[in-house]
Each structure stands twice: as C-alpha cells, then as structure tokens.
Amino acid sequence: MQTKNDRVVREGLPDLMPRLWRYGMVLTRNSDEAAELAQATAVRALERSDQFQPGTRLDRWCFTILASIWKNELRSRSVRRGEGLVPVEDAGLADTAPHADVNISARQVLSGMMQLPEAPRETMFLVYVEGYTYAEAAERLSIPVGTVMSRLANARRRLNETMGSD
Amino acid sequence: MDTAPVTDEQIVAFLDDALSSEEQARIALAVANDPSVAARIEALALDRDDLRAGFEDMLSEAPVIALPPEPANQPQQPSGWGVWGLRGAAAAAIFAIGIGAGSLLTPPTEVRNDWTTAVADYQVLYATETLTTTPLSDAARELSLARTSAALGLDLSEEALSVDGLDFQRAQILSYMETPLAQLAFLDADGTPFALCFLRLDGGDTEPRTEDLAGLASVTWQQDGFGFILIGGDDPAAVEALQKQFAGRIGS
C-alpha cells in the first residue's frame with residue numbers, strides 16, 4: 001500500500017540524487033562507489049519511508065541514511081579493496097572538462113579538502129557546504145560540539161598549509 | 001572580562017559567526033589587540049564561497065542514478081499519480097540512463113511515439129517543491145542549460161526560454177531508450193511545474209497536437225529535426241499559448 005510518506009520520499013528523491021552522490025563522493029572519493037551509495041540510500045529511504053516525518057527535511061534524513069550505510073556496510077569493503085582512498089585528481093573530478101564559471105581557487109580548495117582525512121572532510125562538508133550548524137553536525141556525527149570545532153580548526157589549518165605549499 | 005587565551009577552535013567559530021555575541025565581541029577584541037591572534041586568523045582562513053562554488057560545480061558532474069521503479073499493482077488513485085504504477089516500467093526507463101559518449105548526437109533510427117508518455121509519467125511527479133527546495137544558482141542554471149543544449153545539439157539561451165508566464169528553473173539531460181532527452185523545467189506564476197522536453201527525431205515538421213497525458217495538458221510537435229513536448233497544468237489553452245511562444249523562439 002502506498003502511503004503519503006512513500007509519495008513524499010519518492011517525489012523528493014530525483015532532485016536529491018546529485019547531492020546524495022556528492023556526499024558519497026566526499027566519503028568515498030570514488031564516483032562509482034558514490035553512485036552505488038546514493039542508489040542504496042534511495043532504496044533504503046523508500047523502504048523506510050514510513051519512518052520519515054513529514055515537515056522535516058528530507059535531505060537531512062537521507063544524508064543520515066547515506067552515512068549509516070557507508071559506515072556500517074560499505075566502508076570496510078572499500079578499505080579492503082584499497083579503493084575509495086585516492087586523491088581527487090585520480091577520482092576523475094579535477095580533470096573533467098574545464099568549467100569557465102569555477103575559478104582556480106575554488107578548484108584548489110575543493111581538491112585540498114578532498115585530500116583531508118575522512119572525519120574532518122565530512123565535518124567540513126556538512127557545515128560549509130550543506131549548511132549544518134555546529135550543533136546539527138555534532139548530532140549527525142554523534143560527537144560533541146567541541147569535537148566539531150576542533151575538526152574544523154584542524155581541517156582549515158591543514159588546508160591552508162596544503163594550499164600554501166602548492 | 002574573560003582573559004583566557006583564545007584557542008584556534010574559538011577563532012574558527014568566530015570566523016563562522018557561531019559564537020554567542022559576548023564571545024564574538026571578546027574574540028574581536030583579541031584580534032584587534034593581539035597581532036599573534038591576527039596571524040592565526042590568517043592560518044585558519046577559508047574562503048567559504050570558493051568551497052561552495054567548487055562543490056556546486058561538482059553537482060553537475062553527478063551521474064544519473066536509477067531509482068527503484070514504483071511497485072506494480074498500486075491501487076488507482078483519482079489524481080494523475082495512479083498512472084505511474086501502470087506505466088512504471090516506461091517511466092523508469094527515463095531514470096535508467098545509458099548515455100554512452102558515442103550516442104549523444106546519434107539520432108534515433110525510428111520515430112518513437114511513446115517517449116511523450118514517458119515524459120508525462122515523469123512530469124506528473126513534479127510538485128512546486130520539486131523545483132523550489134533545491135534552487136540552482138544563476139551560474140549553475142546557466143551551466144545546466146549550456147550542457148543540455150550542447151548534448152542535444154540545439155542551441156538555446158535563457159533569453160530564448162524567457163517566455164511570458166513561465167520562469168525557467170533548470171535543464172537536465174535525461175535519456176529515453178538510450179537517446180538523450182532534454183528536460184527544461186519551469187514554474188508558472190502559481191508555482192505549477194511545466195516542462196519543455198525534446199529529443200532528436202527523424203521526420204519533417206508537424207503541427208502542434210494538444211492532448212491530455214497522465215492528467216496533464218500537453219502540446220507535442222516536431223520542428224527542425226527535434227520532437228518537442230510542452231507539458232504542465234491542466235489548461236490546454238494555456239499550454240497552447242505557451243507552445244506558440246516557444247515554437248517561434250526555437251525556429252528563429
């Protein structure tokens with residue numbers, strides 16, 4: 001039986017897929033794995049649509065599912081295969097067709113961030129790209145707000161060191 | 001007054017405007033009075049606009065990812081939604097993309113009559129929120145149109161799409177039977193979603209044909225080697241009037 005929730009989730013998913021893939025890229029650094037992760041998230045979201053609370057944010061709900069699938073199911077497999085740990089240049093992102101509307105420093109900061117370890121990389125992405133507040137990121141990542149702050153500070157320091165040494 | 005040393009974490013939170021106003025003021029004072037704090041600010045600087053721009057651009061690289069088709073045997077509903085269950089497989093073909101680099105400019109070998117049905121089954125899922133919850137920046141919208149135009153080989157500018165009564169939202173490349181299919185999404189003044197879709201189609205120009213597809217008003221026509229459909233809302237006269245505007249601009 002199709003419920004109202006199922007419809008809300010199904011209708012919202014097509015537009016969310018690029019953002020789910022992008023979050024997948026941040027976690028996996030591999031386009032195929034990111035696509036697999038986004039697809040698994042969509043399947044899981046539809047299976048569990050009765051748990052989605054209408055009026056809350058579908059994107060955040062799906063992000064939580066995606067991170068859970070990554071951490072509990074796919075990450076160990078990727079590490080075993082030695083995949084998902086390549087620099088962004090090798091992931092086919094940096095050398096895609098040139099985009100006149102994206103400046104060089106935007107490419108550099110993206111590339112630099114993608115080379116950070118997973119924890120600061122994901123924290124930066126959630127706060128600076130997807131707009132989580134510190135408290136929201138802390139809740140999403142199940143860590144104290146102070147840890148969010150120290151991850152951001154460490155990430156920014158390392159990013160400046162990396163970019164300064166280029 | 002708290003005179004504890006300023007930590008890097010506090011500096012970052014200060015730069016992110018994430019502290020209480022009292023704390024913001026304390027760090028601002030430290031920045032003004034202590035050159036070493038100012039130097040650390042530099043070491044922790046981040047151009048968030050650059051970061052966002054880089055990630056915004058990444059969205060346009062996202063592959064089209066198949067969604068699971070609607071389960072069969074859904075109970076019929078009075079709205080247009082019910083048709084999705086019956087034609088789920090046809091509509092799912094739109095998601096299950098198979099654009100190989102070589103196929104991008106290859107015209108289909110035969111006229112396919114049911115691509116408009118697949119478009120209608122897809123369009124019926126669109127709500128106002130589909131287009132308003134994740135709006136594109138101006139640059140991303142223009143880029144989406146440029147890429148879609150290039151993929152289909154039909155040069156379209158935002159100016160050509162600025163018809164009276166519709167606001168252009170974004171362009172996407174979909175696929176029907178492994179043929180690239182452009183979807184240009186619009187909202188009217190009431191927030192009703194409309195789409196102008198087209199693919200390469202053999203055959204000469206045809207007169208516009210108005211019909212109800214999946215409960216939506218639509219006009220289908222063929223022009224300059226492309227098949228077009230304009231679809232949205234439930235008022236055939238409104239869609240016909242919009243179609244005339246588009247046809248004139250595409251042909252010019």
# chains A, B, ... in the order shown; residues from 1 in each chain; ligands from 1

call {"tool": "select_by_dssp", "arguments": {"residues": "region 110-211 of chain B", "states": "alpha helix (DSSP H)", "output": "PyMOL selection string"}}
result
chain B and resi 115-123+128-132+138-152+158-161

call {"tool": "interface_residues", "arguments": {"of": "chain A", "to": "chain B", "cutoff": "6 Å", "atoms": "only C-alpha atoms", "output": "VMD selection string"}}
result
chain A and resid 11 18 106 to 107 109 to 110 129 149 to 150 153 156 to 157

call {"tool": "atom_distance", "arguments": {"atom1": "CA of Lys71 (chain A)", "atom2": "CA of Thr162 (chain A)"}}
result
27.2 Å

call {"tool": "atom_distance", "arguments": {"atom1": "CA of Asp164 (chain B)", "atom2": "CA of Ala189 (chain B)"}}
result
10.0 Å

call {"tool": "atom_distance", "arguments": {"atom1": "CA of Arg147 (chain B)", "atom2": "CA of Leu181 (chain B)"}}
result
12.2 Å

call {"tool": "select_by_dssp", "arguments": {"residues": "region 7-250 of chain B", "states": "strand (DSSP E or B)", "output": "count of residues only"}}
result
49

call {"tool": "closest_residue", "arguments": {"among": "B:Arg249, B:Val31, B:Leu174, B:Val6", "to": "Ser157 (chain B)", "atoms": "only C-alpha atoms"}}
result
B:Arg249

call {"tool": "residues_around", "arguments": {"residues": "region 118-122 of chain A", "least_positions_apart": "6", "cutoff": "8 Å", "atoms": "only C-alpha atoms", "output": "JSON, numbers by chain"}}
result
{"A": [26, 27, 151, 152, 154, 155]}

call {"tool": "write_last_selection", "arguments": {"atoms": "N, CA and C atoms", "output": "PDB file, in the first residue's frame"}}
result
ATOM      1  N   VAL A  26      32.301  12.755  -1.215  1.00  0.00           N
ATOM      2  CA  VAL A  26      33.099  13.245  -0.085  1.00  0.00           C
ATOM      3  C   VAL A  26      33.550  12.061   0.773  1.00  0.00           C
ATOM      4  N   LEU A  27      32.668  11.079   0.949  1.00  0.00           N
ATOM      5  CA  LEU A  27      33.014   9.937   1.800  1.00  0.00           C
ATOM      6  C   LEU A  27      33.892   8.924   1.062  1.00  0.00           C
ATOM      7  N   ARG A 151      37.707  19.700  14.800  1.00  0.00           N
ATOM      8  CA  ARG A 151      37.879  19.140  13.455  1.00  0.00           C
ATOM      9  C   ARG A 151      37.942  20.258  12.411  1.00  0.00           C
ATOM     10  N   LEU A 152      37.066  21.246  12.567  1.00  0.00           N
ATOM     11  CA  LEU A 152      37.054  22.347  11.603  1.00  0.00           C
ATOM     12  C   LEU A 152      38.355  23.139  11.678  1.00  0.00           C
ATOM     13  N   ASN A 154      41.316  22.118  12.781  1.00  0.00           N
ATOM     14  CA  ASN A 154      42.419  21.326  12.221  1.00  0.00           C
ATOM     15  C   ASN A 154      42.345  21.273  10.701  1.00  0.00           C
ATOM     16  N   ALA A 155      41.127  21.079  10.195  1.00  0.00           N
ATOM     17  CA  ALA A 155      40.959  20.968   8.748  1.00  0.00           C
ATOM     18  C   ALA A 155      41.371  22.261   8.066  1.00  0.00           C
TER      19      ALA A 155
END

call {"tool": "closest_residue", "arguments": {"among": "A:Leu74, A:Gly12, A:Gly55, A:Val127", "to": "Val145 (chain A)", "atoms": "only C-alpha atoms"}}
result
A:Val127
